[in-house]
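Step one of this worksheet: look at the structure below.
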Amino acid sequence: MAAGRQRRAEAETFTARWKKQWHRARVGMRRSAVDYFRGDGSDWIALAGLLLTIPVIAATTMMNSVWCAPAALVLPIVAGGLLLRPASLLGLYAAAATALIVESVQLGPYTEGPSRVTPGVVLVVAACGFFGLLVAQFRSRVGVPWRRGGTMLFDLRERIRVQSKLPGLPQGWHREMALRPAGGQSFSGDFVVAARTNGGRTLEVVLTDVSGKGMDAGSRALLLSGAFGGLLGSLPPHAFLPAANGYLLRQDWDEGFATSIHLVLDLDSGDYELYSAGHPPGLQLSAGTGRWEEKSAEGPLLGVYDGAQFDPVKGSLRPGDVLMLFTDGLVETSDRDIAEGIDRLTGEADRYVAGGFHGAAWHLIEAVAKDVNDDRALLLICREGPTAQAAAARSDSARTDTARTDTARTDTARTDTARTDAARTTATGTSTTAR
């Protein structure tokens, strides 16, 4: 009992109460800061901080207007345009206008010397405030604070990138995908969705090119990639493009069309079906002849009219064969038709036949359409033959032999070191005996 009373007395001391209050204030401040940067909290913290900077800037200007010019008031105004809501921004502007009036009265007329509040300074401050208010109103209409806007765009880009990942394939198969948006942007109208269906024995890949390019098509590409990813594997292969066409028609977009190519590949036999919706043909390299063959399926654009039919073209990938799917931005430009672009693409791809197509997708885009201002995508599916598998086995064997050689060298070095230490010990003992 006495110990309990002593602990309660210690807990009721001034120091203990002060520590509790400080802890609560710190936790509350941390929560407010987290909510603020997430875009959920009030902007009073930023408003209070910017309101405090205005009198500091004004006082510094009146003390030394050479080093702190009256135009320095644009700094909190610009920051307010990025941080505050329109209602709070008007309060900040009123404080800045008051500070500018006080500076003009204290510094005197601008005709008496430099570093005064001139009409140009007033115009600059007013212009910055006007554009800051426009930015704040636009941000308020969108409903996304600036501190969350960049995070949202980054999240959208990462979702597109994750959805474009190709699933792993069994031994004897190689796949790779390269995508380059127009103008070096982060968003593209080209996207890929892929899945292994039928118990993992079938690979389904859909390469789609949405109308438009870059940022203009990025939002529609994200919406369609999510929808196509949900349809893929949920429907039979022959029903995928009709369902995608119906979904696109229901969106009723002004630029609602898209081209798409759907590959259904049996990983056991190598047989495949290729469905196309107005997309450029696929290209297959035959290991036996060394020639590229176009695989053109029949089908209209997605989102043009209802009831469209999509007839597949069938083929088979034998060991050593390569199937290449791409979008029109890779082979078609304003000064080059699609046939010429395909010839150039196959000519560059012939360089990789002898050494294999590992890492070739990105290099082919660089070689064929590096400076094209359009979205470009290239997908490679290779069925590796005995030569490629033997080369991979030789590479693994060489690595194992190198590791064994390094281990043997290390053991030899340790043995030599042990012998040297033993010789030194013997010599030391002999010297001691002689003494």
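How things are named: the first chain in the structure tokens is A, the next is B, and so on; residues count from 1 in each chain; ligands count from 1 in the order shown.
Shell of Gly256 in chain A at 7 Å, with only C-alpha atoms counted and residues fewer than 4 places along the chain excluded, is Leu248, Asp252 and Gly303 of chain A.
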Preceding selection exported with N, CA, C and O atoms as a PDB file, in the first residue's frame:
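part-v3.pdb, freshly written:
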```
ATOM      1  N   LEU A 248     -14.775  -1.546 -74.229  1.00  0.00           N
ATOM      2  CA  LEU A 248     -14.311  -0.276 -74.772  1.00  0.00           C
ATOM      3  C   LEU A 248     -15.468   0.536 -75.348  1.00  0.00           C
ATOM      4  O   LEU A 248     -15.506   1.771 -75.214  1.00  0.00           O
ATOM      5  N   ASP A 252     -17.538   4.904 -74.133  1.00  0.00           N
ATOM      6  CA  ASP A 252     -18.020   6.053 -74.904  1.00  0.00           C
ATOM      7  C   ASP A 252     -17.008   7.202 -74.889  1.00  0.00           C
ATOM      8  O   ASP A 252     -17.345   8.362 -74.657  1.00  0.00           O
ATOM      9  N   GLY A 303     -13.343  -1.106 -80.060  1.00  0.00           N
ATOM     10  CA  GLY A 303     -14.081   0.108 -79.748  1.00  0.00           C
ATOM     11  C   GLY A 303     -14.658   0.822 -80.948  1.00  0.00           C
ATOM     12  O   GLY A 303     -15.062   1.983 -80.832  1.00  0.00           O
TER      13      GLY A 303
END
```
Fewer than 3 positions away in the same chain doesn't count, so skip those; otherwise give me all residues within 6 Å of range 322-332 of chain A, counting only C-alpha atoms, as a PDB file with C-alpha atoms, in the first residue's frame.
```pdb
ATOM      1  CA  GLY A 282       3.495 -10.835 -85.480  1.00  0.00           C
ATOM      2  CA  LEU A 283       6.824 -12.063 -86.812  1.00  0.00           C
ATOM      3  CA  GLN A 284       8.079 -15.623 -86.429  1.00  0.00           C
ATOM      4  CA  LEU A 285      11.663 -16.683 -87.046  1.00  0.00           C
ATOM      5  CA  ARG A 336       8.297   5.329 -93.362  1.00  0.00           C
ATOM      6  CA  ASP A 337       5.514   2.854 -94.047  1.00  0.00           C
ATOM      7  CA  ILE A 338       4.953  -0.275 -91.997  1.00  0.00           C
ATOM      8  CA  GLY A 341       9.756  -0.632 -90.817  1.00  0.00           C
ATOM      9  CA  ILE A 342       9.214  -4.400 -90.548  1.00  0.00           C
ATOM     10  CA  ALA A 369      13.090   3.523 -83.531  1.00  0.00           C
ATOM     11  CA  ASP A 374       5.633   7.634 -80.355  1.00  0.00           C
ATOM     12  CA  ASP A 375       5.082   4.848 -77.848  1.00  0.00           C
ATOM     13  CA  ARG A 376       7.051   1.715 -78.744  1.00  0.00           C
ATOM     14  CA  ALA A 377       6.712  -1.781 -77.319  1.00  0.00           C
ATOM     15  CA  LEU A 378       8.362  -5.064 -78.271  1.00  0.00           C
ATOM     16  CA  LEU A 379       7.702  -8.554 -76.924  1.00  0.00           C
ATOM     17  CA  LEU A 380       9.951 -11.550 -77.623  1.00  0.00           C
ATOM     18  CA  ILE A 381       9.007 -15.193 -77.008  1.00  0.00           C
ATOM     19  CA  CYS A 382      11.839 -17.641 -77.736  1.00  0.00           C
TER      20      CYS A 382
END
```
- Message: I'd like the interatomic distance between CA of Asp271 in chain A and CA of Arg318 in chain A, to a tenth of an Å.
- Response: 8.6 Å
- Task: Please identify which residues in range 135-264 of chain A DSSP calls strand (DSSP E or B) from the backbone, and express them as a ChimeraX atom specification.
- Result: /A:173-180,190-197,202-210,258-264
For the selection you just gave me, I'd like the residues written to a file as a compact mmCIF listing (two decimals), in the first residue's frame, keeping N, CA, C and O atoms.
```txt
# COMPACT_ATOMS: atom_id res chain seq x y z
N TRP A 173 12.22 -22.03 -72.45
CA TRP A 173 11.52 -20.87 -72.96
C TRP A 173 12.17 -19.60 -72.44
O TRP A 173 12.67 -19.57 -71.31
N HIS A 174 12.15 -18.56 -73.24
CA HIS A 174 12.67 -17.26 -72.83
C HIS A 174 11.70 -16.19 -73.30
O HIS A 174 11.18 -16.23 -74.40
N ARG A 175 11.42 -15.23 -72.43
CA ARG A 175 10.55 -14.11 -72.79
C ARG A 175 11.13 -12.83 -72.25
O ARG A 175 11.78 -12.79 -71.21
N GLU A 176 10.93 -11.74 -72.97
CA GLU A 176 11.32 -10.43 -72.50
C GLU A 176 10.48 -9.37 -73.19
O GLU A 176 9.99 -9.56 -74.30
N MET A 177 10.32 -8.25 -72.46
CA MET A 177 9.45 -7.17 -72.90
C MET A 177 10.18 -5.86 -72.72
O MET A 177 10.83 -5.63 -71.70
N ALA A 178 10.10 -4.98 -73.72
CA ALA A 178 10.69 -3.65 -73.63
C ALA A 178 9.63 -2.64 -74.04
O ALA A 178 8.92 -2.83 -75.03
N LEU A 179 9.54 -1.56 -73.28
CA LEU A 179 8.53 -0.53 -73.51
C LEU A 179 9.19 0.83 -73.39
O LEU A 179 9.87 1.11 -72.39
N ARG A 180 9.00 1.66 -74.39
CA ARG A 180 9.58 3.00 -74.36
C ARG A 180 8.51 4.02 -74.71
O ARG A 180 8.05 4.07 -75.85
N ASP A 190 0.95 2.18 -74.67
CA ASP A 190 1.17 0.76 -74.92
C ASP A 190 1.28 0.02 -73.60
O ASP A 190 1.96 0.51 -72.68
N PHE A 191 0.67 -1.12 -73.50
CA PHE A 191 0.78 -1.91 -72.27
C PHE A 191 0.63 -3.39 -72.60
O PHE A 191 0.14 -3.77 -73.68
N VAL A 192 1.05 -4.21 -71.65
CA VAL A 192 0.99 -5.67 -71.78
C VAL A 192 0.32 -6.24 -70.54
O VAL A 192 0.60 -5.79 -69.42
N VAL A 193 -0.55 -7.20 -70.73
CA VAL A 193 -1.06 -8.02 -69.62
C VAL A 193 -0.81 -9.47 -70.01
O VAL A 193 -0.96 -9.86 -71.17
N ALA A 194 -0.41 -10.27 -69.04
CA ALA A 194 -0.06 -11.66 -69.33
C ALA A 194 -0.42 -12.53 -68.13
O ALA A 194 -0.45 -12.06 -66.98
N ALA A 195 -0.68 -13.80 -68.40
CA ALA A 195 -1.01 -14.76 -67.34
C ALA A 195 -0.79 -16.17 -67.89
O ALA A 195 -0.89 -16.40 -69.09
N ARG A 196 -0.48 -17.07 -66.95
CA ARG A 196 -0.40 -18.49 -67.29
C ARG A 196 -1.70 -19.15 -66.86
O ARG A 196 -2.07 -19.13 -65.68
N THR A 197 -2.39 -19.72 -67.81
CA THR A 197 -3.70 -20.32 -67.57
C THR A 197 -3.63 -21.83 -67.83
O THR A 197 -2.58 -22.37 -68.15
N THR A 202 -0.48 -23.03 -70.33
CA THR A 202 -0.74 -22.09 -71.42
C THR A 202 -0.32 -20.69 -71.00
O THR A 202 -0.61 -20.26 -69.88
N LEU A 203 0.35 -19.99 -71.90
CA LEU A 203 0.72 -18.59 -71.69
C LEU A 203 -0.18 -17.73 -72.57
O LEU A 203 -0.24 -17.91 -73.78
N GLU A 204 -0.87 -16.79 -71.92
CA GLU A 204 -1.69 -15.82 -72.65
C GLU A 204 -1.09 -14.44 -72.44
O GLU A 204 -0.89 -13.99 -71.31
N VAL A 205 -0.82 -13.75 -73.55
CA VAL A 205 -0.25 -12.41 -73.53
C VAL A 205 -1.07 -11.51 -74.43
O VAL A 205 -1.42 -11.90 -75.55
N VAL A 206 -1.39 -10.32 -73.94
CA VAL A 206 -2.13 -9.34 -74.72
C VAL A 206 -1.30 -8.05 -74.78
O VAL A 206 -0.98 -7.46 -73.74
N LEU A 207 -0.94 -7.65 -75.99
CA LEU A 207 -0.22 -6.40 -76.23
C LEU A 207 -1.19 -5.41 -76.86
O LEU A 207 -1.77 -5.70 -77.91
N THR A 208 -1.37 -4.26 -76.22
CA THR A 208 -2.39 -3.30 -76.63
C THR A 208 -1.77 -1.94 -76.86
O THR A 208 -0.87 -1.52 -76.12
N ASP A 209 -2.27 -1.24 -77.87
CA ASP A 209 -1.85 0.12 -78.19
C ASP A 209 -3.10 1.00 -78.17
O ASP A 209 -3.96 0.89 -79.04
N VAL A 210 -3.19 1.86 -77.14
CA VAL A 210 -4.33 2.75 -77.00
C VAL A 210 -4.13 3.96 -77.90
O VAL A 210 -3.00 4.42 -78.10
N ALA A 258 -8.62 1.20 -79.89
CA ALA A 258 -7.32 0.65 -79.53
C ALA A 258 -7.04 -0.54 -80.44
O ALA A 258 -7.97 -1.15 -80.99
N THR A 259 -5.78 -0.85 -80.61
CA THR A 259 -5.39 -2.06 -81.32
C THR A 259 -4.82 -3.04 -80.30
O THR A 259 -4.23 -2.62 -79.29
N SER A 260 -4.99 -4.32 -80.56
CA SER A 260 -4.55 -5.32 -79.59
C SER A 260 -4.22 -6.61 -80.33
O SER A 260 -4.80 -6.92 -81.37
N ILE A 261 -3.28 -7.36 -79.77
CA ILE A 261 -2.93 -8.67 -80.30
C ILE A 261 -2.84 -9.63 -79.12
O ILE A 261 -2.28 -9.30 -78.07
N HIS A 262 -3.48 -10.80 -79.27
CA HIS A 262 -3.65 -11.76 -78.18
C HIS A 262 -2.97 -13.06 -78.56
O HIS A 262 -3.36 -13.71 -79.55
N LEU A 263 -1.96 -13.43 -77.79
CA LEU A 263 -1.22 -14.67 -78.03
C LEU A 263 -1.65 -15.73 -77.03
O LEU A 263 -1.67 -15.48 -75.82
N VAL A 264 -1.98 -16.91 -77.52
CA VAL A 264 -2.32 -18.07 -76.68
C VAL A 264 -1.34 -19.17 -77.04
O VAL A 264 -1.42 -19.77 -78.12
```
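Taking CA of Pro237 in chain A and CA of Asp311 in chain A as endpoints, the distance between them is 11.3 Å.
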- Item | Residue contacts of range 107-121 of chain A (7 Å, only C-alpha atoms) excluding same-chain residues fewer than 6 positions away, as a ChimeraX atom specification | /A:62,65-66,69-71
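Between Gln137 in chain A and the residues A:Ser225, A:Gln171, A:Ser88, A:Gln185, the shortest atom-to-atom distance, using only C-alpha atoms, involves A:Ser88.
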